[in-house]
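As stored in final-v4.cif (mmCIF, C-alpha atoms):
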data_query
loop_
_atom_site.label_atom_id
_atom_site.label_comp_id
_atom_site.auth_asym_id
_atom_site.auth_seq_id
_atom_site.Cartn_x
_atom_site.Cartn_y
_atom_site.Cartn_z
CA MET A 22 87.10 91.14 50.15
CA TYR A 23 88.81 91.70 53.51
CA GLU A 24 87.24 88.63 55.07
CA ARG A 25 90.06 86.38 53.92
CA ASP A 26 92.85 88.85 54.58
CA PRO A 27 94.37 87.82 57.95
CA ARG A 28 96.00 91.21 58.48
CA ARG A 29 92.64 93.03 58.25
CA ARG A 30 90.89 90.58 60.56
CA ALA A 31 93.72 90.71 63.07
CA GLY A 32 93.60 94.49 63.11
CA THR A 33 89.88 94.49 63.86
CA GLU A 34 90.26 91.96 66.65
CA TYR A 35 93.18 93.88 68.10
CA ARG A 36 91.18 97.11 68.20
CA GLY A 37 88.29 95.33 69.94
CA ARG A 38 90.61 93.88 72.57
CA ARG A 39 92.27 97.24 73.09
CA VAL A 40 88.99 99.04 73.86
CA ALA A 41 87.91 96.31 76.25
CA SER A 42 91.26 96.30 77.99
CA SER A 43 91.30 100.11 78.35
CA ILE A 44 87.95 99.99 80.17
CA ALA A 45 89.24 97.18 82.33
CA ARG A 46 92.35 99.20 83.16
CA ARG A 47 90.37 102.41 83.97
CA PRO A 48 87.06 101.46 85.66
CA ASP A 49 87.16 104.85 87.40
CA ARG A 50 86.20 106.51 84.11
CA LEU A 51 83.13 104.32 83.79
CA ALA A 52 82.19 105.05 87.41
CA LEU A 53 82.67 108.78 86.84
CA TRP A 54 80.33 108.72 83.84
CA ALA A 55 77.75 106.73 85.81
CA VAL A 56 77.83 109.24 88.66
CA ALA A 57 77.57 112.17 86.25
CA MET A 58 74.55 110.63 84.52
CA ALA A 59 72.88 109.97 87.90
CA VAL A 60 73.38 113.59 88.96
CA VAL A 61 71.91 114.86 85.69
CA ALA A 62 68.91 112.53 86.10
CA MET A 63 68.30 113.79 89.67
CA ILE A 64 68.48 117.42 88.57
CA MET A 65 66.02 116.82 85.76
CA ALA A 66 63.64 114.92 88.05
CA GLY A 67 63.76 117.72 90.61
CA ALA A 68 63.05 120.35 87.97
CA SER A 69 60.07 118.44 86.59
CA ALA A 70 58.66 117.83 90.08
CA HIS A 71 58.99 121.53 90.89
CA ALA A 72 57.30 122.57 87.64
CA GLY A 73 54.29 120.41 88.28
CA SER A 74 53.48 121.39 91.83
CA GLY A 75 50.28 123.01 93.03
CA GLY A 76 46.50 123.27 92.61
CA THR A 77 44.06 123.26 89.79
CA GLY A 78 44.86 125.42 86.79
CA THR A 79 48.12 126.61 85.42
CA GLY A 80 48.52 130.23 86.39
CA GLY A 81 48.32 132.97 83.84
CA GLY A 82 50.12 136.13 82.90
CA GLY A 83 50.04 137.28 86.52
CA GLY A 84 52.22 134.38 87.59
CA GLY A 85 51.48 131.29 89.58
CA GLY A 86 52.68 132.41 92.97
CA GLY A 87 55.24 129.67 93.34
CA ASP A 88 56.41 127.97 96.50
CA ARG A 89 55.28 130.65 98.93
CA TYR A 90 51.60 129.88 98.38
CA ASP A 91 52.22 126.14 98.35
CA ARG A 92 53.86 126.41 101.79
CA LEU A 93 51.02 128.58 103.11
CA TRP A 94 48.45 126.12 101.75
CA HIS A 95 50.29 123.22 103.34
CA ASP A 96 50.09 124.93 106.75
CA PHE A 97 46.30 125.29 106.64
CA SER A 98 44.16 122.83 108.58
CA HIS A 99 42.12 120.13 106.88
CA LYS A 100 38.97 122.08 107.80
CA GLN A 101 40.27 125.26 106.08
CA LYS A 102 41.22 123.33 102.95
CA ARG A 103 37.82 121.63 102.85
CA TRP A 104 36.14 125.04 103.19
CA ALA A 105 38.21 126.39 100.27
CA TYR A 106 37.32 123.45 97.99
CA ARG A 107 33.64 123.64 98.89
CA THR A 108 33.41 127.42 98.50
CA SER A 109 35.22 127.61 95.17
CA ASP A 110 33.10 124.76 93.84
CA CYS A 111 29.94 126.61 94.89
CA GLU A 112 31.10 129.98 93.51
CA SER A 113 32.57 128.93 90.17
CA GLY A 114 32.51 125.18 89.85
CA GLY A 115 36.14 125.20 91.04
CA ARG A 116 37.41 126.90 87.87
CA ALA A 117 40.31 129.17 88.75
CA HIS A 118 40.40 131.13 85.49
CA ILE A 119 36.85 132.42 85.29
CA ASP A 120 36.01 136.08 84.75
CA SER A 121 32.31 136.85 84.94
CA GLY A 122 32.10 140.63 84.77
CA ASN A 123 32.56 142.10 88.24
CA TYR A 124 33.66 138.83 89.84
CA HIS A 125 36.94 137.05 89.19
CA GLY A 126 38.52 133.67 89.82
CA ALA A 127 37.47 130.53 91.63
CA PHE A 128 36.14 132.46 94.64
CA GLN A 129 34.50 135.20 92.57
CA PHE A 130 36.43 138.08 94.12
CA LEU A 131 35.69 141.72 93.41
CA LEU A 132 38.90 143.31 92.13
CA SER A 133 38.96 145.71 95.09
CA THR A 134 38.55 142.84 97.56
CA TRP A 135 41.25 140.74 95.86
CA ARG A 136 43.76 143.57 95.82
CA ALA A 137 43.17 144.54 99.48
CA ALA A 138 43.09 140.97 100.82
CA PRO A 139 45.82 139.55 103.04
CA ARG A 140 48.48 137.61 101.08
CA SER A 141 47.10 138.87 97.77
CA PRO A 142 49.73 139.15 95.03
CA GLY A 143 47.70 141.92 93.39
CA GLY A 144 46.65 142.01 89.78
CA ASP A 145 43.55 140.04 88.83
CA ALA A 146 42.46 136.89 90.67
CA HIS A 147 41.58 134.84 87.59
CA LYS A 148 45.16 135.13 86.31
CA TYR A 149 46.49 133.11 89.26
CA ARG A 150 46.25 129.39 89.87
CA TRP A 151 43.63 127.98 92.19
CA ARG A 152 45.95 127.46 95.16
CA VAL A 153 47.01 131.12 95.22
CA GLN A 154 43.37 132.16 95.18
CA ALA A 155 42.55 129.65 97.91
CA VAL A 156 45.28 130.98 100.21
CA VAL A 157 43.98 134.53 99.76
CA ALA A 158 40.38 133.40 100.35
CA VAL A 159 41.24 131.48 103.53
CA GLU A 160 43.25 134.42 104.87
CA LEU A 161 40.35 136.76 104.07
CA LYS A 162 37.91 134.40 105.79
CA LYS A 163 40.15 134.25 108.88
CA ARG A 164 40.29 138.05 109.02
CA ASP A 165 36.68 139.01 108.24
CA GLY A 166 34.59 135.84 108.31
CA ALA A 167 33.16 133.84 105.44
CA LYS A 168 29.70 135.41 105.34
CA THR A 169 31.16 138.85 104.59
CA TYR A 170 32.37 137.81 101.12
CA TRP A 171 30.59 134.52 100.49
CA PRO A 172 27.10 134.86 102.01
CA ASN A 173 25.63 131.97 99.98
CA CYS A 174 28.62 129.66 99.61
CA GLY A 175 30.89 130.39 102.57
#
Starting from the file, lay out its structure as structure tokens.
Amino acid sequence: MYERDPRRRAGTEYRGRRVASSIARRPDRLALWAVAMAVVAMIMAGASAHAGSGGTGTGGGGGGGGDRYDRLWHDFSHKQKRWAYRTSDCESGGRAHIDSGNYHGAFQFLLSTWRAAPRSPGGDAHKYRWRVQAVVAVELKKRDGAKTYWPNCG
């Protein structure tokens, strides 16, 4: 119906040219939107990278321990990290969230040992992610020796 009406067609073409010309006249608006979208993308990427950091397991009701334990873990030597992987694998198959009666977590801590250990966040070991437990275990090993708490696996 409007296809043959020259006034209708001219109005459509005029509106199309007007939008294109307004972008051409104000490229700063387009650049501003591009910068804003890039900033939002970087923030979202940073948040997702932060959420996914750290060891085996997800942390439980006791919390994950966050960046503090990741930094401590990063500062350990390769030998200390290898000891932690080997010991937790021997004690619990590397499962961070295991509770087998008197023993808790990947390193099979007694509750009293876990709570009194250096760098321990308290609570119950199996409610924390593997890396938190590993930091506590390595610190405990440095203080008292491996054979004190892990006579078969340490």
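Picture a line from atom CA of A:Gly175 to atom CA of A:Phe128; it runs 9.7 Å.
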- Of the listed residues A:Trp54, A:Tyr124, A:Trp135, A:Phe97, that which approaches A:Gln154 most closely, counting all atoms listed in the file: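 Closest residue, counting all atoms listed in the file: A:Trp135.
Put simply, atom CA of A:Asp145 is 23.8 Å away from atom CA of A:Arg103.
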Using all atoms listed in the file, the residue out of A:Arg92, A:Arg140, A:Lys148, A:His118 with shortest distance to A:Leu161 is A:Arg140
- Query: Can you tell me how far atom CA of A:Arg89 sits from atom CA of A:Ser141, in Å to one decimal?
  - Reply: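 Interatomic distance here is 11.7 Å.
With only C-alpha atoms as the atoms that count, the minimum distance from A:Ser133 to the choices A:Ala55, A:His99, A:Trp104, A:Tyr170 is reached by A:Tyr170.
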Of A:Gly144, A:Pro139, A:Pro48, A:Pro172, the one sitting nearest A:Glu160 when using only C-alpha atoms is A:Pro139
Residues returned when the PyMOL selection byres ((chain A and resi 112) around 10) runs on this file, as an MDAnalysis selection string: chainID A and resid 107:111 113:116 124 126:130 171 173:175
